[in-house]
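What follows is entry.txt (compact mmCIF, C-alpha atoms).
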# COMPACT_ATOMS: atom_id res chain seq x y z
CA MET A 225 -22.49 -44.46 -111.52
CA GLY A 226 -22.53 -48.13 -110.97
CA ARG A 227 -19.56 -47.14 -108.91
CA HIS A 228 -19.43 -45.38 -105.57
CA GLY A 229 -17.23 -42.43 -104.69
CA ILE A 230 -16.11 -42.21 -101.09
CA PRO A 231 -14.65 -38.87 -99.90
CA GLY A 232 -11.92 -39.12 -97.30
CA LYS A 233 -12.54 -37.76 -93.83
CA ARG A 234 -10.49 -34.60 -94.37
CA ASN A 235 -12.42 -33.63 -97.46
CA THR A 236 -15.91 -34.55 -96.28
CA ASP A 237 -16.88 -30.94 -95.51
CA GLN A 238 -15.55 -29.69 -98.83
CA PHE A 239 -17.31 -32.49 -100.71
CA SER A 240 -20.57 -31.75 -98.88
CA ARG A 241 -20.37 -28.05 -99.70
CA ASN A 242 -19.71 -28.86 -103.34
CA SER A 243 -22.70 -31.24 -103.51
CA THR A 244 -25.16 -28.71 -102.10
CA ARG A 245 -24.30 -25.73 -104.31
CA PHE A 246 -26.94 -26.55 -106.87
CA LYS A 247 -30.45 -27.92 -106.73
CA LEU A 248 -31.90 -30.74 -108.78
CA PRO A 249 -33.09 -29.54 -112.19
CA ASP A 250 -36.68 -29.73 -113.40
CA SER A 251 -36.05 -32.91 -115.37
CA ILE A 252 -35.87 -36.68 -115.07
CA HIS A 253 -32.73 -36.18 -113.02
CA GLY A 254 -32.30 -39.61 -111.42
CA SER A 255 -32.52 -38.22 -107.89
CA ASP A 256 -29.43 -39.01 -105.80
CA ASN A 257 -27.69 -41.31 -108.28
CA GLY A 258 -28.09 -38.91 -111.18
CA ALA A 259 -26.88 -35.99 -109.10
CA LEU A 260 -23.90 -37.98 -107.83
CA HIS A 261 -22.47 -38.27 -111.34
CA ILE A 262 -22.53 -34.51 -111.81
CA VAL A 263 -21.23 -33.78 -108.30
CA LEU A 264 -18.30 -36.17 -108.70
CA MET A 265 -17.48 -34.82 -112.15
CA ARG A 266 -17.35 -31.27 -110.80
CA TYR A 267 -15.44 -32.28 -107.70
CA LEU A 268 -12.85 -34.53 -109.32
CA VAL A 269 -12.42 -32.51 -112.53
CA PRO A 270 -13.13 -28.88 -111.51
CA GLU A 271 -12.31 -27.51 -114.96
CA SER A 272 -15.18 -29.58 -116.39
CA THR A 273 -17.68 -26.95 -115.22
CA SER A 274 -16.68 -24.68 -118.10
CA SER A 275 -14.66 -26.70 -120.62
CA GLY A 276 -14.48 -29.98 -122.49
CA LEU A 277 -17.44 -32.35 -122.26
CA GLY A 278 -18.46 -31.06 -118.84
CA PRO A 279 -21.03 -28.48 -120.01
CA LEU A 280 -22.54 -31.07 -122.38
CA CYS A 281 -22.92 -33.59 -119.54
CA GLN A 282 -24.59 -30.91 -117.43
CA SER A 283 -26.93 -29.94 -120.27
CA ILE A 284 -27.99 -33.56 -120.90
CA TRP A 285 -28.82 -33.95 -117.21
CA GLU A 286 -30.71 -30.66 -116.92
CA ASN A 287 -32.86 -31.43 -119.97
CA SER A 288 -33.32 -35.19 -119.59
CA GLU A 289 -36.85 -36.43 -120.20
CA HIS A 290 -36.34 -40.18 -119.82
CA ASP A 291 -33.95 -42.81 -118.48
CA PHE A 292 -32.10 -43.04 -121.79
CA ALA A 293 -30.98 -39.43 -121.37
CA LEU A 294 -29.68 -40.34 -117.91
CA PHE A 295 -27.67 -43.19 -119.45
CA SER A 296 -26.19 -40.66 -121.88
CA MET A 297 -25.27 -38.33 -119.02
CA GLN A 298 -23.66 -41.19 -117.09
CA ALA A 299 -21.53 -42.15 -120.09
CA CYS A 300 -20.61 -38.51 -120.60
CA THR A 301 -19.43 -37.99 -117.02
CA ARG A 302 -17.44 -41.22 -117.11
CA LEU A 303 -15.62 -39.96 -120.19
CA VAL A 304 -14.74 -36.78 -118.29
CA ILE A 305 -13.61 -38.56 -115.13
CA GLY A 306 -11.91 -41.37 -117.06
CA GLU A 307 -11.10 -44.87 -115.90
CA ARG A 308 -9.04 -43.64 -112.97
CA THR A 309 -10.50 -44.81 -109.66
CA ASP A 310 -8.13 -43.38 -107.05
CA PHE A 311 -7.95 -39.63 -106.43
CA PRO A 312 -5.66 -39.19 -103.38
CA GLU A 313 -5.39 -35.45 -103.95
CA ARG A 314 -9.19 -35.23 -103.54
CA HIS A 315 -9.39 -38.01 -100.93
CA VAL A 316 -11.77 -40.04 -103.08
CA ARG A 317 -11.68 -43.65 -104.21
CA ILE A 318 -14.27 -45.10 -106.59
CA PHE A 319 -15.28 -48.72 -106.19
CA ALA A 320 -16.65 -50.75 -109.08
CA LYS A 321 -20.21 -52.07 -108.88
CA GLY A 322 -20.30 -55.02 -106.50
CA ASN A 323 -17.00 -54.14 -104.82
CA GLY A 324 -18.33 -51.69 -102.25
CA TRP A 325 -19.57 -52.53 -98.77
CA ALA A 326 -23.26 -52.60 -99.75
CA ARG A 327 -25.34 -53.36 -102.83
CA ASP A 328 -28.97 -53.59 -103.91
CA GLN A 329 -30.48 -57.01 -103.32
CA TRP A 330 -32.27 -57.09 -106.67
CA LEU A 331 -29.01 -56.89 -108.65
CA LEU A 332 -28.50 -60.66 -108.36
CA LYS A 333 -32.18 -61.51 -107.89
CA SER A 334 -31.84 -62.10 -104.13
CA HIS A 335 -28.82 -64.40 -104.46
CA TRP A 336 -25.82 -63.82 -102.19
CA SER A 337 -22.28 -65.01 -101.58
CA ASP A 338 -19.81 -64.92 -98.69
CA ASP A 339 -18.25 -61.78 -100.20
CA ASP A 340 -21.46 -59.80 -99.62
CA PHE A 341 -21.20 -57.61 -96.54
CA MET A 342 -24.58 -55.89 -96.78
CA VAL A 343 -27.55 -56.00 -99.15
CA HIS A 344 -30.26 -53.38 -99.06
CA SER A 345 -33.30 -52.14 -101.00
CA ILE A 346 -35.43 -54.92 -99.49
CA LYS A 347 -39.08 -53.88 -99.55
CA ASP A 348 -41.91 -55.94 -98.05
CA GLN A 349 -44.25 -55.39 -100.99
CA ARG A 350 -41.72 -56.99 -103.34
CA LEU A 351 -41.03 -60.09 -101.25
CA ARG A 352 -42.29 -62.94 -103.43
CA PRO A 353 -39.96 -65.86 -102.67
CA ASP A 354 -42.10 -68.35 -104.60
CA ASP A 355 -41.40 -66.37 -107.78
CA ILE A 356 -37.63 -66.65 -107.45
CA ALA A 357 -36.32 -68.93 -110.20
CA LYS A 358 -34.94 -72.22 -108.96
CA GLN A 359 -31.48 -73.11 -110.29
CA PRO A 360 -31.40 -70.37 -112.97
CA HIS A 361 -28.67 -70.20 -115.59
CA ASP A 362 -25.74 -68.19 -114.24
CA TYR A 363 -26.23 -65.07 -116.35
CA GLU A 364 -29.98 -65.07 -115.76
CA LEU A 365 -29.12 -63.84 -112.26
CA ILE A 366 -28.09 -60.45 -113.61
CA SER A 367 -30.59 -57.60 -113.30
CA ILE A 368 -29.76 -54.28 -114.95
CA THR A 369 -33.15 -52.76 -115.67
CA ASP A 370 -36.77 -53.13 -114.50
CA ALA A 371 -35.66 -53.37 -110.88
CA ILE A 372 -39.16 -52.63 -109.59
CA GLN A 373 -40.56 -55.71 -111.34
CA ILE A 374 -38.04 -58.16 -109.90
CA PRO A 375 -39.44 -60.37 -107.10
CA LEU A 376 -37.31 -60.64 -103.98
CA ALA A 377 -36.74 -63.23 -101.28
CA PHE A 378 -35.60 -62.30 -97.79
CA PRO A 379 -32.14 -63.88 -97.35
CA VAL A 380 -32.62 -64.66 -93.63
CA LEU A 381 -34.78 -67.69 -92.87
CA GLU A 382 -36.12 -66.84 -89.42
CA ARG A 383 -38.11 -63.78 -88.38
CA LEU A 384 -35.76 -61.14 -87.04
CA ASN A 385 -36.00 -59.95 -83.46
CA ILE A 386 -35.09 -56.28 -83.70
CA THR A 387 -34.35 -56.00 -79.98
CA GLN A 388 -31.80 -58.80 -80.14
CA CYS A 389 -30.32 -57.32 -83.31
CA LYS A 390 -29.71 -54.01 -81.53
CA ILE A 391 -27.70 -55.63 -78.75
CA GLY A 392 -25.90 -58.05 -81.06
CA GLU A 393 -27.27 -61.24 -79.53
CA VAL A 394 -28.69 -62.94 -82.58
CA ARG A 395 -27.32 -65.38 -85.13
CA TRP A 396 -28.81 -65.36 -88.61
CA SER A 397 -29.51 -68.45 -90.67
CA LEU A 398 -29.18 -67.48 -94.31
CA ASP A 399 -31.11 -69.22 -97.08
CA GLY A 400 -28.55 -71.58 -98.62
CA ARG A 401 -30.75 -72.11 -101.68
CA LEU A 402 -29.86 -68.56 -102.76
CA ARG A 403 -26.14 -68.88 -102.12
CA ILE A 404 -23.68 -68.59 -105.00
CA SER A 405 -19.91 -68.87 -105.04
CA ASN A 406 -17.67 -65.82 -104.68
CA LEU A 407 -16.20 -66.63 -108.09
CA LEU A 408 -19.62 -66.60 -109.76
CA ARG A 409 -20.51 -63.36 -107.97
CA SER A 410 -17.32 -61.75 -109.29
CA ARG A 411 -18.03 -62.96 -112.84
CA LEU A 412 -21.62 -61.73 -112.71
CA PHE A 413 -20.67 -58.24 -111.58
CA HIS A 414 -17.92 -58.06 -114.19
CA ARG A 415 -20.43 -58.90 -116.89
CA MET A 416 -22.97 -56.49 -115.40
CA ARG A 417 -20.46 -53.63 -115.45
CA THR A 418 -19.56 -54.41 -119.06
CA GLU A 419 -23.19 -54.54 -120.21
CA LYS A 420 -24.07 -51.34 -118.35
CA PHE A 421 -21.06 -49.55 -119.83
CA LYS A 422 -22.08 -50.59 -123.35
CA GLU A 423 -25.68 -49.53 -122.77
CA GLN A 424 -24.69 -46.10 -121.48
CA HIS A 425 -22.39 -45.46 -124.42
CA ARG A 426 -24.95 -46.64 -126.98
CA HIS A 427 -27.37 -44.03 -125.72
CA PHE A 428 -24.64 -41.37 -125.60
CA GLU A 429 -23.74 -42.08 -129.23
CA LYS A 430 -27.41 -41.76 -130.20
CA TYR A 431 -27.57 -38.44 -128.36
CA LEU A 432 -24.50 -37.15 -130.19
CA ASP A 433 -25.97 -38.30 -133.51
CA SER A 434 -29.13 -36.32 -132.79
CA LEU A 435 -27.02 -33.22 -132.08
CA ARG A 436 -25.17 -33.64 -135.38
CA LYS A 437 -28.44 -33.91 -137.28
CA ASP A 438 -29.72 -30.74 -135.63
CA VAL A 439 -26.57 -28.90 -136.71
CA LEU A 440 -26.87 -30.15 -140.29
What does the file become when written as structure tokens?
Amino acid sequence: MGRHGIPGKRNTDQFSRNSTRFKLPDSIHGSDNGALHIVLMRYLVPESTSSGLGPLCQSIWENSEHDFALFSMQACTRLVIGERTDFPERHVRIFAKGNGWARDQWLLKSHWSDDDFMVHSIKDQRLRPDDIAKQPHDYELISITDAIQIPLAFPVLERLNITQCKIGEVRWSLDGRLRISNLLRSRLFHRMRTEKFKEQHRHFEKYLDSLRKDVL
């Protein structure tokens, strides 16, 4: 969703039951992230299962054959859920991309700021620090698509001692060459959210146009 929904403790069991009532369809379903959009739509807007845009969102997801269909589904579910981010009656709060407690490392091409608490999706086979651009233009740091092709650099300079990590007796030296300011980080994620939103809705509009042509 580019955003993360966090169920409150009291509703965790109910949320879990809701998310396991259906299996992934035989389509390009987007695995966990694709399913999360549908689960949250059903959970936060229960009436969407049988009315409004809800059935259309579900149909797009179940019949998707490529990533563009997933973008359409994501835009569709966001229209159903709306721009609201706090659902106290459902014990859920949705955080915007970059505002949660963890994020994918490739999103900012291995760059980090003091506001980052945790970065993940670091895979050894993609660690190519020599391919990381030196002093790139600010907005060249944004990665929205082709995540698999983006080279990564491990943000910690020394080799980690897992034993010391487990007992909390290690200090990390982070690569200052990849450090950016908190202000730049905030601007980059704002732009990323805007671009992703536009992309999703472009594909949704194309999908709706194709439906209109089929009707005519």
> Skipping near chain neighbours, those fewer than 4 positions away, what residues fall within 7 Å of Cys300 (chain A) using all atoms listed in the file, listed as a ChimeraX atom specification?
Replying inline: /A:281,296,304
>> Using Å and a single decimal, report how far CA of Pro375 (chain A) sits from CA of Pro353 (chain A).
In response: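 Distance reported for this atom pair: 7.1 Å.
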> Which residue gives the smallest distance to Leu407 (chain A) among A:Val380, A:Ile366, A:Asp339, A:Gln349, with all atoms listed in the file counted?
Replying inline: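 With all atoms listed in the file as the atom set, the closest residue is A:Asp339.
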>> Excluding region 265-276 of chain A and its own-chain neighbours fewer than 2 positions away, which residues fall within 8 Å of it when counting only C-alpha atoms? Please give them as a list in words.
In response: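 After dropping sequence-adjacent residues, the list is Phe239, Asn242, His261, Ile262, Val263, Gly278, Pro279, Thr301, Val304, Ile305, Phe311 and Arg314 of chain A.
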> Which is closest to Trp396 (chain A) among A:Leu381, A:Leu376, A:Glu289, A:Ser410, if we use only C-alpha atoms?
Replying inline: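 Of the candidates, the smallest distance to Trp396 (chain A) is held by A:Leu381.
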> In terms of the shortest atom-to-atom distance over all atoms listed in the file, which of A:Phe292, A:Trp336, A:Trp325, A:Phe421 is closest to Leu365 (chain A)?
Replying inline: A:Trp336
> How would you write as a count of residues only the residues that get within 12 Å of (-30.3, -63.8, -107.3) in the file's frame, counting only C-alpha atoms?
Replying inline: 42
> Just how far from CA of Lys422 (chain A) is CA of Asp291 (chain A), in Å to one decimal?
Replying inline: 15.0 Å
>> Nearest residue to Met342 (chain A) out of A:Asn323, A:Asp354, A:Phe428, A:Asn406, using only C-alpha atoms?
In response: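 Smallest distance to Met342 (chain A) is found for A:Asn323.
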> What separation in Å, quoted to one decimal, exists between CA of His315 (chain A) and CA of Gly258 (chain A)?
Replying inline: 21.3 Å
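Distances to Arg417 (chain A) were evaluated for A:Leu351, A:Ala320, A:Leu294, A:Leu248 using all atoms listed in the file, and the minimum falls at A:Ala320.
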